[in-house]
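Student: Hey, dropping target_38.pdb in here, PDB, C-alpha atoms:
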MODEL        1
ATOM      1  CA  MET A   1     -13.875  58.094 -17.579
ATOM      2  CA  ARG A   2     -16.679  56.091 -16.031
ATOM      3  CA  ARG A   3     -17.408  54.291 -19.341
ATOM      4  CA  GLY A   4     -13.695  53.517 -19.717
ATOM      5  CA  TYR A   5     -13.581  52.065 -16.196
ATOM      6  CA  ARG A   6     -16.540  49.814 -16.984
ATOM      7  CA  ARG A   7     -14.857  48.585 -20.169
ATOM      8  CA  ALA A   8     -11.759  47.733 -18.110
ATOM      9  CA  LEU A   9     -13.631  45.600 -15.582
ATOM     10  CA  PRO A  10     -13.782  42.416 -17.726
ATOM     11  CA  LEU A  11     -10.052  42.692 -18.400
ATOM     12  CA  LEU A  12      -9.302  43.160 -14.709
ATOM     13  CA  SER A  13     -11.471  40.158 -13.832
ATOM     14  CA  ALA A  14      -9.752  37.995 -16.417
ATOM     15  CA  CYS A  15      -6.351  38.980 -15.033
ATOM     16  CA  LEU A  16      -7.419  38.115 -11.492
ATOM     17  CA  LEU A  17      -8.704  34.700 -12.593
ATOM     18  CA  PHE A  18      -5.437  34.045 -14.409
ATOM     19  CA  LEU A  19      -3.360  34.981 -11.368
ATOM     20  CA  THR A  20      -5.538  32.833  -9.088
ATOM     21  CA  ALA A  21      -5.246  29.814 -11.386
ATOM     22  CA  CYS A  22      -1.478  30.160 -11.655
ATOM     23  CA  SER A  23      -0.829  30.783  -7.949
ATOM     24  CA  PRO A  24      -0.442  27.985  -5.388
ATOM     25  CA  GLU A  25      -3.557  27.223  -3.384
ATOM     26  CA  ARG A  26      -3.352  28.926  -0.002
ATOM     27  CA  THR A  27      -6.620  27.791   1.502
ATOM     28  CA  GLY A  28      -8.368  24.505   2.131
ATOM     29  CA  GLU A  29      -8.098  21.463   4.331
ATOM     30  CA  LEU A  30      -7.717  17.748   3.724
ATOM     31  CA  THR A  31      -7.945  14.629   5.867
ATOM     32  CA  ILE A  32      -6.156  11.383   4.984
ATOM     33  CA  TYR A  33      -6.106   7.759   6.080
ATOM     34  CA  ALA A  34      -2.551   6.580   5.407
ATOM     35  CA  GLY A  35      -1.710   2.920   4.815
ATOM     36  CA  LEU A  36       1.988   3.386   4.140
ATOM     37  CA  TYR A  37       4.788   3.878   6.647
ATOM     38  CA  GLU A  38       4.334   6.889   8.893
ATOM     39  CA  ASP A  39       7.674   8.452   7.953
ATOM     40  CA  HIS A  40       6.727   8.193   4.279
ATOM     41  CA  ALA A  41       3.277   9.652   4.950
ATOM     42  CA  ILE A  42       4.732  12.549   6.942
ATOM     43  CA  LYS A  43       7.276  13.378   4.215
ATOM     44  CA  ALA A  44       4.577  13.353   1.548
ATOM     45  CA  ILE A  45       2.087  15.379   3.564
ATOM     46  CA  GLU A  46       4.628  18.008   4.609
ATOM     47  CA  THR A  47       5.711  18.452   0.987
ATOM     48  CA  PHE A  48       2.137  18.652  -0.291
ATOM     49  CA  GLN A  49       1.251  21.237   2.353
ATOM     50  CA  LYS A  50       4.299  23.324   1.487
ATOM     51  CA  GLU A  51       3.571  23.224  -2.236
ATOM     52  CA  THR A  52      -0.171  23.900  -2.046
ATOM     53  CA  GLY A  53      -0.861  25.646   1.265
ATOM     54  CA  ILE A  54      -3.587  23.068   1.970
ATOM     55  CA  LYS A  55      -3.652  22.027   5.630
ATOM     56  CA  VAL A  56      -3.561  18.228   5.995
ATOM     57  CA  SER A  57      -4.338  15.965   8.938
ATOM     58  CA  TYR A  58      -3.887  12.194   8.812
ATOM     59  CA  VAL A  59      -4.280   8.924  10.697
ATOM     60  CA  ARG A  60      -1.961   5.980   9.994
ATOM     61  CA  MET A  61      -3.604   2.518  10.054
ATOM     62  CA  SER A  62      -3.275  -0.858   8.372
ATOM     63  CA  ASN A  63      -5.431  -1.414   5.294
ATOM     64  CA  GLY A  64      -8.030  -3.614   6.953
ATOM     65  CA  GLU A  65      -8.482  -1.026   9.683
ATOM     66  CA  ILE A  66      -8.881   1.742   7.103
ATOM     67  CA  LEU A  67     -11.582  -0.235   5.279
ATOM     68  CA  ALA A  68     -13.430  -0.845   8.548
ATOM     69  CA  ARG A  69     -13.251   2.858   9.437
ATOM     70  CA  ILE A  70     -14.539   3.955   6.026
ATOM     71  CA  ARG A  71     -17.408   1.481   6.294
ATOM     72  CA  ALA A  72     -18.352   2.800   9.722
ATOM     73  CA  GLU A  73     -18.331   6.375   8.418
ATOM     74  CA  ARG A  74     -19.998   5.763   5.065
ATOM     75  CA  ASP A  75     -23.105   7.833   5.918
ATOM     76  CA  HIS A  76     -21.006  10.733   7.193
ATOM     77  CA  PRO A  77     -17.472  10.482   5.756
ATOM     78  CA  ARG A  78     -14.879  12.345   7.812
ATOM     79  CA  THR A  79     -11.902  11.680   5.599
ATOM     80  CA  SER A  80     -11.257  12.432   1.943
ATOM     81  CA  ILE A  81      -8.205  10.391   0.882
ATOM     82  CA  TRP A  82      -7.016   6.807   1.280
ATOM     83  CA  PHE A  83      -3.266   6.956   0.736
ATOM     84  CA  GLY A  84      -1.190   3.784   0.411
ATOM     85  CA  GLY A  85      -1.655   0.095   1.091
ATOM     86  CA  PRO A  86      -2.457  -2.811  -1.266
ATOM     87  CA  ALA A  87      -4.992  -2.201  -4.009
ATOM     88  CA  ASP A  88      -6.846  -5.451  -3.175
ATOM     89  CA  THR A  89      -8.594  -3.661  -0.321
ATOM     90  CA  PHE A  90      -9.334  -0.660  -2.544
ATOM     91  CA  VAL A  91     -11.053  -3.057  -4.965
ATOM     92  CA  GLN A  92     -13.274  -4.350  -2.165
ATOM     93  CA  ALA A  93     -14.056  -0.777  -1.116
ATOM     94  CA  LYS A  94     -14.944   0.088  -4.717
ATOM     95  CA  ASN A  95     -17.292  -2.910  -4.919
ATOM     96  CA  GLU A  96     -18.980  -1.779  -1.696
ATOM     97  CA  GLY A  97     -19.537   1.735  -3.052
ATOM     98  CA  LEU A  98     -17.069   3.346  -0.645
ATOM     99  CA  LEU A  99     -14.804   5.070  -3.188
ATOM    100  CA  ALA A 100     -15.427   7.877  -5.677
ATOM    101  CA  PRO A 101     -14.052   7.663  -9.226
ATOM    102  CA  TYR A 102     -11.540  10.251 -10.347
ATOM    103  CA  VAL A 103      -9.348   9.945 -13.417
ATOM    104  CA  SER A 104      -6.517  12.411 -12.946
ATOM    105  CA  ASP A 105      -4.776  13.825 -15.987
ATOM    106  CA  ASN A 106      -1.585  12.460 -14.433
ATOM    107  CA  ALA A 107      -2.968   8.917 -14.563
ATOM    108  CA  GLN A 108      -1.759   8.753 -18.173
ATOM    109  CA  LEU A 109       1.751   8.487 -16.696
ATOM    110  CA  ILE A 110       0.785   5.226 -14.930
ATOM    111  CA  ASP A 111       0.666   1.902 -16.821
ATOM    112  CA  ASP A 112      -2.782   0.337 -17.043
ATOM    113  CA  LYS A 113      -1.718  -2.672 -14.946
ATOM    114  CA  TYR A 114      -1.182  -0.328 -11.994
ATOM    115  CA  LYS A 115      -4.579   1.409 -11.968
ATOM    116  CA  ASP A 116      -8.324   0.936 -11.984
ATOM    117  CA  SER A 117      -9.734   1.655 -15.439
ATOM    118  CA  GLU A 118     -12.568   3.745 -13.956
ATOM    119  CA  GLY A 119     -10.331   5.785 -11.669
ATOM    120  CA  TYR A 120     -11.489   4.380  -8.318
ATOM    121  CA  TRP A 121      -7.832   3.832  -7.359
ATOM    122  CA  THR A 122      -4.464   4.471  -8.949
ATOM    123  CA  GLY A 123      -1.181   2.794  -8.064
ATOM    124  CA  ILE A 124       1.665   4.872  -6.668
ATOM    125  CA  TYR A 125       4.138   2.063  -5.874
ATOM    126  CA  ALA A 126       4.577  -1.725  -6.039
ATOM    127  CA  GLY A 127       6.423  -4.327  -3.993
ATOM    128  CA  SER A 128       6.898  -8.088  -3.769
ATOM    129  CA  VAL A 129       6.246 -10.651  -1.017
ATOM    130  CA  ALA A 130       9.495 -12.067   0.408
ATOM    131  CA  PHE A 131      10.944 -14.366   3.072
ATOM    132  CA  VAL A 132      12.869 -12.224   5.550
ATOM    133  CA  SER A 133      15.117 -14.085   7.999
ATOM    134  CA  ASN A 134      17.557 -13.392  10.807
ATOM    135  CA  LYS A 135      20.972 -14.624   9.648
ATOM    136  CA  ALA A 136      22.272 -15.276  13.183
ATOM    137  CA  TRP A 137      19.201 -17.368  14.034
ATOM    138  CA  LEU A 138      19.537 -19.406  10.839
ATOM    139  CA  GLN A 139      23.163 -20.196  11.707
ATOM    140  CA  GLU A 140      22.204 -21.114  15.269
ATOM    141  CA  VAL A 141      19.614 -23.685  14.180
ATOM    142  CA  GLY A 142      21.614 -24.893  11.178
ATOM    143  CA  LEU A 143      19.259 -23.706   8.452
ATOM    144  CA  ASN A 144      19.840 -22.057   5.109
ATOM    145  CA  PRO A 145      17.579 -19.149   4.175
ATOM    146  CA  PRO A 146      14.226 -20.604   3.022
ATOM    147  CA  GLN A 147      14.018 -21.115  -0.726
ATOM    148  CA  SER A 148      10.429 -22.341  -1.054
ATOM    149  CA  TRP A 149       7.054 -22.174   0.633
ATOM    150  CA  ASP A 150       7.495 -25.786   1.684
ATOM    151  CA  ASP A 151      10.758 -24.916   3.454
ATOM    152  CA  LEU A 152       8.728 -22.996   6.033
ATOM    153  CA  LEU A 153       7.100 -26.261   7.156
ATOM    154  CA  ASN A 154      10.443 -27.598   8.421
ATOM    155  CA  PRO A 155       9.998 -28.511  12.125
ATOM    156  CA  LYS A 156      13.041 -26.393  12.995
ATOM    157  CA  TYR A 157      10.999 -23.308  12.103
ATOM    158  CA  LYS A 158       8.251 -24.117  14.592
ATOM    159  CA  GLY A 159       7.402 -21.110  16.729
ATOM    160  CA  MET A 160       9.775 -18.813  14.858
ATOM    161  CA  ILE A 161       7.734 -17.938  11.771
ATOM    162  CA  ALA A 162       5.535 -14.857  11.629
ATOM    163  CA  MET A 163       3.219 -13.262   9.119
ATOM    164  CA  PRO A 164       0.644 -10.489   9.446
ATOM    165  CA  ASP A 165      -3.000 -11.275  10.125
ATOM    166  CA  PRO A 166      -4.714 -11.079   6.714
ATOM    167  CA  ARG A 167      -7.900  -9.739   8.310
ATOM    168  CA  SER A 168      -6.240  -6.487   9.359
ATOM    169  CA  SER A 169      -3.069  -6.357   7.269
ATOM    170  CA  GLY A 170      -2.868  -5.710   3.555
ATOM    171  CA  THR A 171       0.457  -7.546   3.584
ATOM    172  CA  GLY A 172      -1.113 -10.594   5.199
ATOM    173  CA  TYR A 173      -3.960 -10.687   2.719
ATOM    174  CA  THR A 174      -1.535 -10.405  -0.198
ATOM    175  CA  VAL A 175       0.189 -13.555   1.121
ATOM    176  CA  LEU A 176      -3.148 -15.357   1.380
ATOM    177  CA  ALA A 177      -4.301 -14.310  -2.097
ATOM    178  CA  THR A 178      -0.892 -15.154  -3.572
ATOM    179  CA  LEU A 179      -1.031 -18.809  -2.560
ATOM    180  CA  VAL A 180      -4.680 -19.201  -3.546
ATOM    181  CA  GLN A 181      -3.840 -17.882  -7.014
ATOM    182  CA  LEU A 182      -0.675 -19.980  -7.195
ATOM    183  CA  TRP A 183      -2.103 -23.310  -6.055
ATOM    184  CA  GLY A 184      -5.885 -23.045  -5.922
ATOM    185  CA  GLU A 185      -7.987 -22.812  -2.761
ATOM    186  CA  ASP A 186      -7.846 -26.418  -1.596
ATOM    187  CA  ARG A 187      -4.077 -26.749  -1.682
ATOM    188  CA  ALA A 188      -3.500 -23.210  -0.398
ATOM    189  CA  PHE A 189      -5.750 -23.656   2.638
ATOM    190  CA  ALA A 190      -4.240 -27.054   3.397
ATOM    191  CA  TYR A 191      -0.863 -25.324   3.387
ATOM    192  CA  PHE A 192      -2.028 -22.487   5.662
ATOM    193  CA  LYS A 193      -3.333 -25.044   8.162
ATOM    194  CA  GLN A 194       0.151 -26.543   8.340
ATOM    195  CA  LEU A 195       1.825 -23.140   8.451
ATOM    196  CA  ASN A 196      -0.460 -22.137  11.316
ATOM    197  CA  GLN A 197       1.206 -24.833  13.406
ATOM    198  CA  GLN A 198       4.584 -23.232  12.699
ATOM    199  CA  THR A 199       3.779 -19.597  13.420
ATOM    200  CA  GLY A 200       4.568 -17.927  16.691
ATOM    201  CA  ALA A 201       2.142 -15.061  16.115
ATOM    202  CA  TYR A 202       0.098 -13.112  13.624
ATOM    203  CA  THR A 203       0.783  -9.398  13.806
ATOM    204  CA  SER A 204      -1.901  -6.801  13.114
ATOM    205  CA  THR A 205       0.284  -5.077  10.543
ATOM    206  CA  GLY A 206       3.164  -6.066   8.298
ATOM    207  CA  SER A 207       5.187  -2.986   9.121
ATOM    208  CA  VAL A 208       6.539  -4.318  12.443
ATOM    209  CA  LEU A 209       7.942  -7.618  11.239
ATOM    210  CA  GLY A 210      11.238  -6.333   9.866
ATOM    211  CA  ARG A 211      12.161  -4.997  13.274
ATOM    212  CA  ASN A 212      11.053  -8.250  14.930
ATOM    213  CA  VAL A 213      13.290 -10.259  12.598
ATOM    214  CA  GLY A 214      16.185  -7.853  13.008
ATOM    215  CA  MET A 215      16.004  -8.131  16.803
ATOM    216  CA  GLY A 216      15.895 -11.939  16.693
ATOM    217  CA  GLU A 217      12.360 -12.149  18.084
ATOM    218  CA  VAL A 218      11.288 -13.924  14.887
ATOM    219  CA  GLY A 219      13.361 -16.306  12.785
ATOM    220  CA  THR A 220      11.616 -15.753   9.450
ATOM    221  CA  ALA A 221       8.784 -13.423   8.489
ATOM    222  CA  ILE A 222       6.614 -13.384   5.386
ATOM    223  CA  MET A 223       6.426  -9.714   4.449
ATOM    224  CA  PHE A 224       7.074  -7.198   1.676
ATOM    225  CA  SER A 225      10.652  -7.041   0.425
ATOM    226  CA  HIS A 226      10.809  -3.238   0.448
ATOM    227  CA  ASP A 227       9.826  -3.199   4.137
ATOM    228  CA  ALA A 228      12.725  -5.545   4.887
ATOM    229  CA  VAL A 229      15.130  -3.295   2.981
ATOM    230  CA  LYS A 230      13.936  -0.389   5.099
ATOM    231  CA  PHE A 231      14.901  -2.133   8.340
ATOM    232  CA  TYR A 232      18.188  -3.385   6.914
ATOM    233  CA  LYS A 233      19.118   0.165   5.999
ATOM    234  CA  GLU A 234      18.146   1.294   9.486
ATOM    235  CA  GLY A 235      20.844  -0.942  10.949
ATOM    236  CA  PHE A 236      19.383  -4.437  11.319
ATOM    237  CA  ARG A 237      22.193  -6.052   9.342
ATOM    238  CA  ASN A 238      21.282  -9.626  10.343
ATOM    239  CA  ILE A 239      18.357  -9.433   7.923
ATOM    240  CA  VAL A 240      18.527 -11.630   4.802
ATOM    241  CA  ILE A 241      15.907 -11.477   2.053
ATOM    242  CA  GLY A 242      14.828 -14.308  -0.233
ATOM    243  CA  PHE A 243      11.946 -15.251  -2.514
ATOM    244  CA  PRO A 244      10.012 -18.542  -2.847
ATOM    245  CA  SER A 245      10.999 -20.595  -5.858
ATOM    246  CA  GLU A 246       7.388 -21.630  -6.590
ATOM    247  CA  GLY A 247       6.390 -18.001  -7.141
ATOM    248  CA  THR A 248       5.519 -14.915  -5.164
ATOM    249  CA  GLY A 249       2.892 -12.191  -5.220
ATOM    250  CA  TYR A 250       3.078  -8.440  -5.084
ATOM    251  CA  GLU A 251       1.112  -5.426  -3.973
ATOM    252  CA  ILE A 252       0.165  -2.284  -5.817
ATOM    253  CA  GLY A 253       0.055   0.512  -3.272
ATOM    254  CA  ALA A 254      -2.775   2.836  -4.243
ATOM    255  CA  VAL A 255      -4.397   6.198  -3.658
ATOM    256  CA  GLY A 256      -8.123   6.891  -3.927
ATOM    257  CA  ILE A 257     -10.895   9.284  -2.943
ATOM    258  CA  ILE A 258     -13.538   8.263  -0.407
ATOM    259  CA  ASP A 259     -17.119   8.501  -1.658
ATOM    260  CA  GLY A 260     -19.018  11.478  -0.288
ATOM    261  CA  ALA A 261     -15.768  12.939   0.999
ATOM    262  CA  PRO A 262     -15.534  16.493   2.259
ATOM    263  CA  ASN A 263     -13.116  18.861   0.515
ATOM    264  CA  MET A 264     -13.410  17.184  -2.872
ATOM    265  CA  ARG A 265     -11.396  19.879  -4.627
ATOM    266  CA  GLU A 266      -8.467  19.351  -2.279
ATOM    267  CA  ALA A 267      -8.823  15.561  -2.580
ATOM    268  CA  ARG A 268      -8.487  15.707  -6.361
ATOM    269  CA  LEU A 269      -5.486  17.993  -6.078
ATOM    270  CA  PHE A 270      -3.849  15.467  -3.759
ATOM    271  CA  VAL A 271      -4.406  12.587  -6.190
ATOM    272  CA  ASP A 272      -3.012  14.715  -9.033
ATOM    273  CA  TRP A 273       0.050  15.443  -6.913
ATOM    274  CA  ALA A 274       0.550  11.860  -5.665
ATOM    275  CA  LEU A 275       0.835  10.566  -9.234
ATOM    276  CA  THR A 276       3.679  12.899 -10.179
ATOM    277  CA  LYS A 277       7.288  11.845 -10.543
ATOM    278  CA  GLU A 278       8.373  14.243  -7.801
ATOM    279  CA  ALA A 279       5.809  13.022  -5.259
ATOM    280  CA  GLN A 280       6.569   9.347  -5.859
ATOM    281  CA  GLU A 281      10.314   9.847  -5.518
ATOM    282  CA  LEU A 282       9.898  11.334  -2.016
ATOM    283  CA  GLY A 283       9.633   7.872  -0.458
ATOM    284  CA  LYS A 284      13.286   6.950  -0.892
ATOM    285  CA  PHE A 285      14.306  10.137   0.909
ATOM    286  CA  ALA A 286      12.260   8.952   3.894
ATOM    287  CA  GLY A 287      13.833   5.472   3.889
ATOM    288  CA  ASN A 288      11.210   3.622   1.836
ATOM    289  CA  PHE A 289      12.167   1.475  -1.137
ATOM    290  CA  GLN A 290       9.138   0.506  -3.225
ATOM    291  CA  LEU A 291       9.071   0.356  -7.005
ATOM    292  CA  LEU A 292       7.421   3.455  -8.463
ATOM    293  CA  THR A 293       4.561   3.464 -10.961
ATOM    294  CA  ASN A 294       5.042   6.803 -12.721
ATOM    295  CA  ARG A 295       6.908   6.042 -15.969
ATOM    296  CA  ASP A 296       9.254   8.967 -15.467
ATOM    297  CA  ALA A 297       9.983   8.317 -11.781
ATOM    298  CA  VAL A 298      13.275   6.705 -10.802
ATOM    299  CA  SER A 299      12.748   3.791  -8.395
ATOM    300  CA  PRO A 300      15.233   3.331  -5.542
ATOM    301  CA  GLU A 301      18.227   1.243  -6.580
ATOM    302  CA  GLU A 302      17.543  -1.007  -3.556
ATOM    303  CA  ALA A 303      14.099  -2.002  -4.865
ATOM    304  CA  PHE A 304      13.538  -5.514  -6.266
ATOM    305  CA  PRO A 305      12.214  -5.244  -9.864
ATOM    306  CA  LEU A 306       9.213  -7.499 -10.432
ATOM    307  CA  ASP A 307      10.601  -8.564 -13.802
ATOM    308  CA  ASP A 308      13.595 -10.125 -12.009
ATOM    309  CA  LEU A 309      11.392 -12.316  -9.796
ATOM    310  CA  ASN A 310       9.218 -15.371 -10.338
ATOM    311  CA  THR A 311       5.893 -13.639  -9.694
ATOM    312  CA  VAL A 312       2.523 -15.335  -9.947
ATOM    313  CA  PRO A 313       0.030 -13.807 -12.419
ATOM    314  CA  TYR A 314      -1.493 -11.906  -9.502
ATOM    315  CA  ASP A 315      -5.003 -10.624 -10.278
ATOM    316  CA  HIS A 316      -5.690  -7.690  -7.970
ATOM    317  CA  ASP A 317      -9.319  -7.323  -9.073
ATOM    318  CA  TRP A 318      -9.961 -10.989  -8.307
ATOM    319  CA  ALA A 319      -8.179 -10.700  -4.966
ATOM    320  CA  GLY A 320     -10.247  -7.676  -3.990
ATOM    321  CA  THR A 321     -13.560  -9.140  -5.130
ATOM    322  CA  ASN A 322     -12.920 -12.370  -3.180
ATOM    323  CA  ARG A 323     -11.316 -10.762  -0.133
ATOM    324  CA  GLU A 324     -14.237 -11.017   2.293
ATOM    325  CA  ARG A 325     -14.964 -14.638   1.364
ATOM    326  CA  LEU A 326     -11.337 -15.747   1.642
ATOM    327  CA  LEU A 327     -10.888 -14.011   4.994
ATOM    328  CA  GLU A 328     -13.968 -15.718   6.419
ATOM    329  CA  LYS A 329     -12.685 -19.061   5.167
ATOM    330  CA  TRP A 330      -9.201 -18.409   6.614
ATOM    331  CA  THR A 331     -10.707 -17.492   9.991
ATOM    332  CA  GLN A 332     -12.926 -20.567  10.124
ATOM    333  CA  GLU A 333     -10.587 -23.175   8.658
ATOM    334  CA  VAL A 334      -7.127 -21.984   9.685
ATOM    335  CA  LEU A 335      -7.320 -19.707  12.709
ATOM    336  CA  ASN A 336     -10.333 -21.208  14.506
ATOM    337  CA  PRO A 337     -10.930 -24.679  13.026
TER     338      PRO A 337
ENDMDL
END
Just give me the structure of the file as structure tokens.
Tutor:
Amino acid sequence: MRRGYRRALPLLSACLLFLTACSPERTGELTIYAGLYEDHAIKAIETFQKETGIKVSYVRMSNGEILARIRAERDHPRTSIWFGGPADTFVQAKNEGLLAPYVSDNAQLIDDKYKDSEGYWTGIYAGSVAFVSNKAWLQEVGLNPPQSWDDLLNPKYKGMIAMPDPRSSGTGYTVLATLVQLWGEDRAFAYFKQLNQQTGAYTSTGSVLGRNVGMGEVGTAIMFSHDAVKFYKEGFRNIVIGFPSEGTGYEIGAVGIIDGAPNMREARLFVDWALTKEAQELGKFAGNFQLLTNRDAVSPEEAFPLDDLNTVPYDHDWAGTNRERLLEKWTQEVLNP
């Protein structure tokens, strides 16, 4: 009997390993810096926790703030995942050695144009830069919705244009990098100097501008189109959305693992999960309307397809590599000349 019991031990062990591998994880913790809307982040995190049993805590910040926090913590990382926000800032973080490479098996479901070839970041959504205006304000001042970048220099817009600060906001930097890639640095910075005279304020994040436009506090904002759709659907029906005729840029919202992160196993599981069709489609159920990157995922019908727009050939690697230099130049020549 004793010899038979010993022979059974390997079989019992194999069965236990099989059951463990096939069962949902019920232990572990994960910390996340979220660069997407808080309602979207909460929906995703709650679903991930329910499906895996992994306990998740998060902090929501704009992309520039996330980069600054990761830099400050680089010797002792506290957080494992960077979830959402434009890939330009992820590229800069990669170049500074702040991200860890991980090529998920699910990355094969994402087109190459939406991911880093070495796995430092992978796109989970995309969205275009738009002009978002208050229809009642336009009627009051006798303006049509802006059709071009030059339209924003009309004196009637003075004090009623807003865009996010590119130093802190991924949205704001996407606007800056868009015009540099569209026109070249000299013309783009000359334009931003003129636009600076028109703006009422630079916000720290792009996520507030839709509400500001909807409430009539801002006439026109330069922001992501999907963010404007979100506020329109929430009841700000004075919002009108347009795109510049000269060309517009777009973000790739990404997910990545922080270098030296704690809970690496859980971090990889989160990236695997975030790239799935089911995870990406959660956003529209939380009132978010980005295009989705998973080939099998169904984007919200309210999203603006990039193929339908006049987009610039936006180079996210170039934008990320030149981010620090362009921000210093913008600060010195536009904000504080």
Student: Run the PyMOL selection byres ((chain A and resi 81-98) around 6) on the file and write out the hits as number ranges by chain.
Tutor: A: 32-36, 63, 80, 99, 170, 251-259, 316, 319-321
Student: Quick one, how far is CA of Thr79 in chain A from CA of Gly123 in chain A?
Tutor: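 Distance between the two atoms: 19.5 Å.
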Student: Report, in Å with one decimal, the straight-line distance from CA of Tyr114 in chain A to CA of Phe231 in chain A.
Tutor: 26.0 Å
Student: Could you give me, as a short mmCIF file (atom, residue, chain, number, x, y, z; two decimals) with C-alpha atoms, in the frame of the given file, the residues within 7 Å of range 195-210 of chain A, counting all atoms listed in the file and dropping anything in the same chain fewer than 4 positions from it?
Tutor:
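What landed in selection07.cif:
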data_model
loop_
_atom_site.label_atom_id
_atom_site.label_comp_id
_atom_site.auth_asym_id
_atom_site.auth_seq_id
_atom_site.Cartn_x
_atom_site.Cartn_y
_atom_site.Cartn_z
CA SER A 62 -3.28 -0.86 8.37
CA LEU A 153 7.10 -26.26 7.16
CA TYR A 157 11.00 -23.31 12.10
CA LYS A 158 8.25 -24.12 14.59
CA GLY A 159 7.40 -21.11 16.73
CA MET A 160 9.78 -18.81 14.86
CA ILE A 161 7.73 -17.94 11.77
CA ALA A 162 5.54 -14.86 11.63
CA MET A 163 3.22 -13.26 9.12
CA PRO A 164 0.64 -10.49 9.45
CA ASP A 165 -3.00 -11.28 10.12
CA SER A 168 -6.24 -6.49 9.36
CA SER A 169 -3.07 -6.36 7.27
CA THR A 171 0.46 -7.55 3.58
CA GLY A 172 -1.11 -10.59 5.20
CA TYR A 191 -0.86 -25.32 3.39
CA GLY A 214 16.18 -7.85 13.01
CA ALA A 221 8.78 -13.42 8.49
CA MET A 223 6.43 -9.71 4.45
CA ASP A 227 9.83 -3.20 4.14
CA ALA A 228 12.72 -5.54 4.89
CA PHE A 231 14.90 -2.13 8.34
CA VAL A 334 -7.13 -21.98 9.68
#
Student: Which residues are near Phe48 in chain A? Cut-off 9 Å, all atoms listed in the file, ignore same chain within fewer than 6 positions. Put them as a PyMOL selection string.
Tutor: chain A and resi 54-56+270+273-274+279
